[in-house]
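Asker: run-v7.cif is the file, holding mmCIF, C-alpha atoms:
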data_work
#
loop_
_atom_site.label_atom_id
_atom_site.label_comp_id
_atom_site.auth_asym_id
_atom_site.auth_seq_id
_atom_site.Cartn_x
_atom_site.Cartn_y
_atom_site.Cartn_z
CA LYS A 615 24.89 -23.10 50.24
CA ALA A 616 22.26 -20.43 49.75
CA GLY A 617 19.43 -20.28 52.25
CA VAL A 618 15.73 -19.85 51.72
CA THR A 619 14.96 -16.74 49.72
CA GLN A 620 11.67 -14.93 50.00
CA THR A 621 10.67 -12.04 47.78
CA PRO A 622 9.72 -9.34 48.19
CA ARG A 623 10.78 -8.51 51.76
CA TYR A 624 8.15 -5.82 52.19
CA LEU A 625 4.83 -5.10 50.53
CA ILE A 626 2.13 -2.53 51.01
CA LYS A 627 -1.23 -3.28 49.41
CA THR A 628 -4.70 -1.81 49.51
CA ARG A 629 -7.78 -3.67 50.71
CA GLY A 630 -9.37 -5.64 47.91
CA GLN A 631 -6.15 -6.12 45.96
CA GLN A 632 -4.37 -9.40 45.51
CA VAL A 633 -0.76 -10.28 46.21
CA THR A 634 1.72 -13.00 45.24
CA LEU A 635 4.65 -13.95 47.43
CA SER A 636 7.57 -16.05 46.28
CA CYS A 637 9.82 -18.56 48.02
CA SER A 638 12.93 -20.26 46.67
CA PRO A 639 13.91 -23.21 48.87
CA ILE A 640 17.38 -24.49 49.56
CA SER A 641 18.77 -26.38 46.59
CA GLY A 642 17.76 -30.04 46.80
CA HIS A 643 14.87 -29.43 49.19
CA ARG A 644 11.52 -30.59 47.88
CA SER A 645 9.17 -29.57 50.67
CA VAL A 646 7.97 -26.01 51.16
CA SER A 647 5.62 -24.84 53.90
CA TRP A 648 4.10 -21.44 54.50
CA TYR A 649 3.23 -19.79 57.80
CA GLN A 650 1.51 -16.58 58.81
CA GLN A 651 2.92 -14.77 61.83
CA THR A 652 0.92 -12.09 63.65
CA PRO A 653 1.25 -10.64 67.16
CA GLY A 654 -2.21 -11.87 68.11
CA GLN A 655 -2.29 -15.35 66.57
CA GLY A 656 1.38 -16.28 66.59
CA LEU A 657 2.63 -18.68 63.93
CA GLN A 658 -0.12 -20.37 61.98
CA PHE A 659 0.36 -22.98 59.30
CA LEU A 660 -0.99 -22.14 55.85
CA PHE A 661 -0.01 -25.02 53.58
CA GLU A 662 2.67 -27.52 52.67
CA TYR A 663 3.82 -28.51 49.21
CA PHE A 664 5.91 -31.46 48.17
CA SER A 665 6.68 -32.50 44.61
CA GLU A 666 4.29 -29.86 43.24
CA THR A 667 1.36 -31.25 45.27
CA GLN A 668 -0.34 -29.68 48.25
CA ARG A 669 0.03 -32.18 51.10
CA ASN A 670 -1.40 -30.24 54.03
CA LYS A 671 -3.59 -27.20 54.42
CA GLY A 672 -4.23 -25.06 57.46
CA ASN A 673 -7.44 -23.43 58.52
CA PHE A 674 -7.44 -20.39 56.25
CA PRO A 675 -10.13 -19.16 53.84
CA GLY A 676 -10.00 -19.97 50.16
CA ARG A 677 -8.58 -16.51 49.44
CA PHE A 678 -5.24 -18.02 50.41
CA SER A 679 -3.78 -20.31 47.79
CA GLY A 680 -0.42 -21.57 46.73
CA ARG A 681 1.47 -23.68 44.28
CA GLN A 682 4.82 -25.28 43.77
CA PHE A 683 6.79 -25.52 40.57
CA SER A 684 8.91 -28.35 39.21
CA ASN A 685 12.07 -26.67 40.55
CA SER A 686 10.48 -26.66 44.05
CA ARG A 687 10.03 -22.89 44.10
CA SER A 688 6.71 -21.94 45.60
CA GLU A 689 4.32 -19.03 45.46
CA MET A 690 1.41 -18.12 47.64
CA ASN A 691 -1.39 -15.84 46.60
CA VAL A 692 -3.86 -13.90 48.67
CA SER A 693 -6.85 -12.44 46.85
CA THR A 694 -9.26 -9.75 48.00
CA LEU A 695 -6.93 -8.56 50.73
CA GLU A 696 -8.33 -7.63 54.12
CA LEU A 697 -6.74 -5.51 56.84
CA GLY A 698 -6.38 -8.64 58.96
CA ASP A 699 -4.09 -10.19 56.36
CA SER A 700 -1.32 -7.84 57.47
CA ALA A 701 1.37 -10.16 58.78
CA LEU A 702 4.81 -11.61 58.32
CA TYR A 703 4.59 -14.55 55.91
CA LEU A 704 7.30 -17.12 56.42
CA CYS A 705 8.36 -19.85 54.09
CA ALA A 706 10.13 -22.98 55.35
CA SER A 707 12.12 -25.40 53.24
CA SER A 708 12.76 -29.04 54.14
CA TYR A 709 14.60 -31.83 52.40
CA ASP A 710 11.64 -34.20 52.67
CA ARG A 711 8.51 -34.86 54.73
CA SER A 712 10.00 -37.17 57.32
CA LEU A 713 9.23 -36.71 60.99
CA ASN A 714 12.75 -35.60 61.90
CA THR A 715 13.41 -33.30 59.02
CA GLU A 716 14.72 -29.85 59.87
CA ALA A 717 12.87 -26.83 58.51
CA PHE A 718 14.91 -23.86 57.31
CA PHE A 719 13.10 -20.55 57.30
CA GLY A 720 13.41 -17.53 55.07
CA GLN A 721 13.44 -14.00 56.45
CA GLY A 722 9.82 -13.56 55.51
CA THR A 723 7.71 -11.12 53.56
CA ARG A 724 6.15 -8.35 55.62
CA LEU A 725 2.73 -7.60 54.12
CA THR A 726 0.87 -4.48 55.18
CA VAL A 727 -2.70 -4.01 54.00
CA VAL A 728 -4.03 -0.45 54.20
CA GLY B 1084 -5.07 -32.44 67.10
CA ASN B 1085 -1.53 -31.41 67.94
CA SER B 1086 -0.86 -28.44 70.19
CA VAL B 1087 2.03 -26.77 72.00
CA THR B 1088 1.81 -24.59 75.09
CA GLN B 1089 4.65 -22.33 76.20
CA MET B 1090 5.05 -20.33 79.37
CA GLU B 1091 3.81 -16.82 79.04
CA GLY B 1092 6.32 -14.07 78.51
CA PRO B 1093 7.99 -11.77 78.34
CA VAL B 1094 10.93 -12.97 80.38
CA THR B 1095 13.57 -10.50 81.54
CA LEU B 1096 16.84 -11.70 83.06
CA SER B 1097 20.20 -10.30 83.99
CA GLU B 1098 23.28 -11.52 82.19
CA GLU B 1099 24.60 -14.86 83.56
CA ALA B 1100 21.24 -15.77 85.07
CA PHE B 1101 19.71 -19.24 84.63
CA LEU B 1102 16.99 -19.58 82.00
CA THR B 1103 14.04 -21.95 81.85
CA ILE B 1104 11.23 -21.66 79.32
CA ASN B 1105 8.52 -24.24 79.84
CA CYS B 1106 6.94 -26.11 76.95
CA THR B 1107 4.31 -28.84 77.04
CA TYR B 1108 2.65 -30.54 74.12
CA THR B 1109 -0.33 -32.63 73.09
CA ALA B 1110 0.11 -35.10 70.27
CA THR B 1111 -0.65 -38.70 69.44
CA GLY B 1112 2.20 -41.13 69.15
CA TYR B 1113 5.76 -39.92 69.20
CA PRO B 1114 6.26 -36.48 67.67
CA SER B 1115 9.59 -34.78 67.07
CA LEU B 1116 10.19 -31.69 69.19
CA PHE B 1117 12.03 -28.51 68.33
CA TRP B 1118 13.08 -25.17 69.71
CA TYR B 1119 13.36 -22.32 67.23
CA VAL B 1120 14.72 -18.82 67.88
CA GLN B 1121 13.75 -15.62 66.09
CA TYR B 1122 15.95 -12.53 66.25
CA PRO B 1123 14.45 -9.13 65.40
CA GLY B 1124 13.63 -8.72 61.73
CA GLU B 1125 14.59 -12.27 60.85
CA GLY B 1126 13.03 -15.64 60.20
CA LEU B 1127 13.23 -18.61 62.53
CA GLN B 1128 16.40 -20.59 63.15
CA LEU B 1129 16.48 -24.08 64.57
CA LEU B 1130 18.10 -24.03 67.99
CA LEU B 1131 17.84 -27.70 68.91
CA LYS B 1132 15.70 -30.77 68.44
CA ALA B 1133 14.89 -34.16 69.92
CA THR B 1134 13.27 -36.98 68.03
CA LYS B 1135 12.50 -39.61 70.66
CA ALA B 1136 11.70 -39.91 74.33
CA ASP B 1137 14.55 -39.09 76.75
CA ASP B 1138 16.64 -37.55 73.95
CA LYS B 1139 18.43 -34.37 74.95
CA GLY B 1140 18.92 -31.71 72.32
CA SER B 1141 21.67 -29.17 72.88
CA ASN B 1142 23.23 -26.24 71.06
CA LYS B 1143 25.05 -23.02 72.04
CA GLY B 1144 24.65 -23.81 75.74
CA PHE B 1145 20.91 -24.41 75.46
CA GLU B 1146 19.45 -27.80 76.35
CA ALA B 1147 16.05 -29.47 76.31
CA THR B 1148 15.04 -33.04 77.17
CA TYR B 1149 12.12 -34.86 75.53
CA ARG B 1150 9.99 -36.10 78.44
CA LYS B 1151 7.24 -38.39 77.22
CA GLU B 1152 5.82 -39.02 80.69
CA THR B 1153 5.18 -35.32 81.30
CA THR B 1154 4.77 -34.38 77.59
CA SER B 1155 7.31 -31.61 78.08
CA PHE B 1156 10.34 -30.14 76.35
CA HIS B 1157 11.57 -27.33 78.58
CA LEU B 1158 14.39 -25.11 77.33
CA GLU B 1159 17.25 -24.34 79.73
CA LYS B 1160 20.50 -22.42 79.69
CA GLY B 1161 22.83 -22.09 82.63
CA SER B 1162 24.13 -18.59 81.94
CA VAL B 1163 22.39 -16.29 79.48
CA GLN B 1164 24.06 -13.51 77.51
CA VAL B 1165 22.73 -10.26 76.12
CA SER B 1166 23.01 -11.79 72.65
CA ASP B 1167 20.44 -14.45 73.65
CA SER B 1168 17.71 -11.80 73.61
CA ALA B 1169 15.17 -13.05 71.08
CA VAL B 1170 11.81 -14.82 70.78
CA TYR B 1171 11.88 -18.56 71.42
CA PHE B 1172 9.34 -20.96 69.93
CA CYS B 1173 8.68 -24.54 70.93
CA ALA B 1174 7.34 -26.67 68.08
CA LEU B 1175 6.42 -30.22 67.21
CA SER B 1176 6.11 -32.31 64.10
CA GLY B 1177 3.56 -35.06 64.40
CA GLU B 1178 3.81 -38.58 63.04
CA THR B 1179 1.38 -37.81 60.24
CA SER B 1180 2.19 -34.11 59.81
CA GLY B 1181 4.73 -34.33 57.04
CA SER B 1182 6.96 -31.30 57.40
CA ARG B 1183 4.18 -29.26 59.02
CA LEU B 1184 5.17 -27.73 62.36
CA THR B 1185 2.82 -26.79 65.20
CA PHE B 1186 4.22 -23.88 67.21
CA GLY B 1187 3.73 -22.56 70.70
CA GLU B 1188 2.93 -18.92 71.31
CA GLY B 1189 6.55 -17.84 71.58
CA THR B 1190 8.40 -16.40 74.57
CA GLN B 1191 10.15 -13.05 74.35
CA LEU B 1192 13.45 -13.13 76.25
CA THR B 1193 15.32 -9.96 77.14
CA VAL B 1194 18.71 -10.20 78.79
CA ASN B 1195 20.06 -7.05 80.43
CA PRO B 1196 23.78 -6.43 80.98
#
In structure tokens, what does this structure look like?
Answerer:
Amino acid sequence: KAGVTQTPRYLIKTRGQQVTLSCSPISGHRSVSWYQQTPGQGLQFLFEYFSETQRNKGNFPGRFSGRQFSNSRSEMNVSTLELGDSALYLCASSYDRSLNTEAFFGQGTRLTVV
Amino acid sequence: GNSVTQMEGPVTLSEEAFLTINCTYTATGYPSLFWYVQYPGEGLQLLLKATKADDKGSNKGFEATYRKETTSFHLEKGSVQVSDSAVYFCALSGETSGSRLTFGEGTQLTVNP
């Protein structure tokens, strides 16, 4: 079955702009989480969505937001982009929210802010 | 809160050498533990997992044992190959975390022929 699809793969934006990233989870998966990966900070959790509701949120400013649709697809938005937002943004799809559930990752969206 | 600490990298080995990457964690209760691998330009792939104390996860020659007494989940492989070159992440999912994962810093492994 198809894996996790993230679009676009690469983005270049200017400081002050906003950006929307998309994630289509594996069919049947209802949980979607987002992570930011940078060389300096590693992998940091942004938020988790399940059944269209945000269940967990990481320690990021309010410029970072997300949502999940009824078909489990998710988007994240970053407004007023800063240079420090340049990163690889990874989406992970899980069947549910149980402790043992396996997370499947997309290839990520590489965002560069100039 | 939950945290994961991995041994600092990078690690460089010759082909067929023995690999150990140390991982220790802090969490309340009984988390699930994972090792993920990231190849260049790609997302993360689950390598193995363990969901309770003394469980051993294994896959593709890699092994890790969930040690509650030492709060550790060290990754081992008896004979590495060039194709094992990648970044390895230790991670945990806490009892109240939902599907949220807490990751270690990652360890870059390079295997030379």
Asker: If you count only C-alpha atoms, which residues fall within 8 Å of segment 716-723 of chain A, apart from same-chain ones fewer than 2 positions away, as a list in words?
Answerer: Gly617, Val618, Thr619, Gln620, Thr621, Pro622, Arg623, Tyr624, Leu625, Leu635, Cys637, Leu702, Tyr703, Leu704, Cys705, Ala706, Ser707, Ser708, Tyr709, Asn714 and Leu725 of chain A; Gly1124, Glu1125, Gly1126, Leu1127, Gln1128, Leu1129 and Ser1182 of chain B
Asker: Which residues are near Thr634 of chain A? Cut-off 8 Å, all atoms listed in the file, ignore same chain within fewer than 6 positions. Put them as a PyMOL selection string.
Answerer: chain A and resi 689-692
Asker: Go through A:Arg687, A:Arg677, A:Arg629, A:Arg669 and flag the residue nearest chain B, using all atoms listed in the file for the distances.
Answerer: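 Result for the nearest residue to chain B: A:Arg669.
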Asker: Between A:Gly630, A:Pro639, A:Gly654, A:Gly680, which is the closest to chain B once you count all atoms listed in the file?
Answerer: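 Going through A:Gly630, A:Pro639, A:Gly654, A:Gly680 one by one, the smallest distance to chain B is for A:Gly654.
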Asker: Taking all atoms listed in the file into account, name the residue in B:Leu1192, B:Glu1091, B:Pro1123, B:Lys1139 that is nearest to Ser1168 of chain B.
Answerer: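 Counting all atoms listed in the file, the residue closest to Ser1168 of chain B is B:Leu1192.
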Asker: Check the smallest atom-to-atom distance from each of B:Ala1147, B:Gln1089, B:Thr1103, B:Gly1161 to chain A using all atoms listed in the file, then report the winner.
Answerer: B:Gln1089
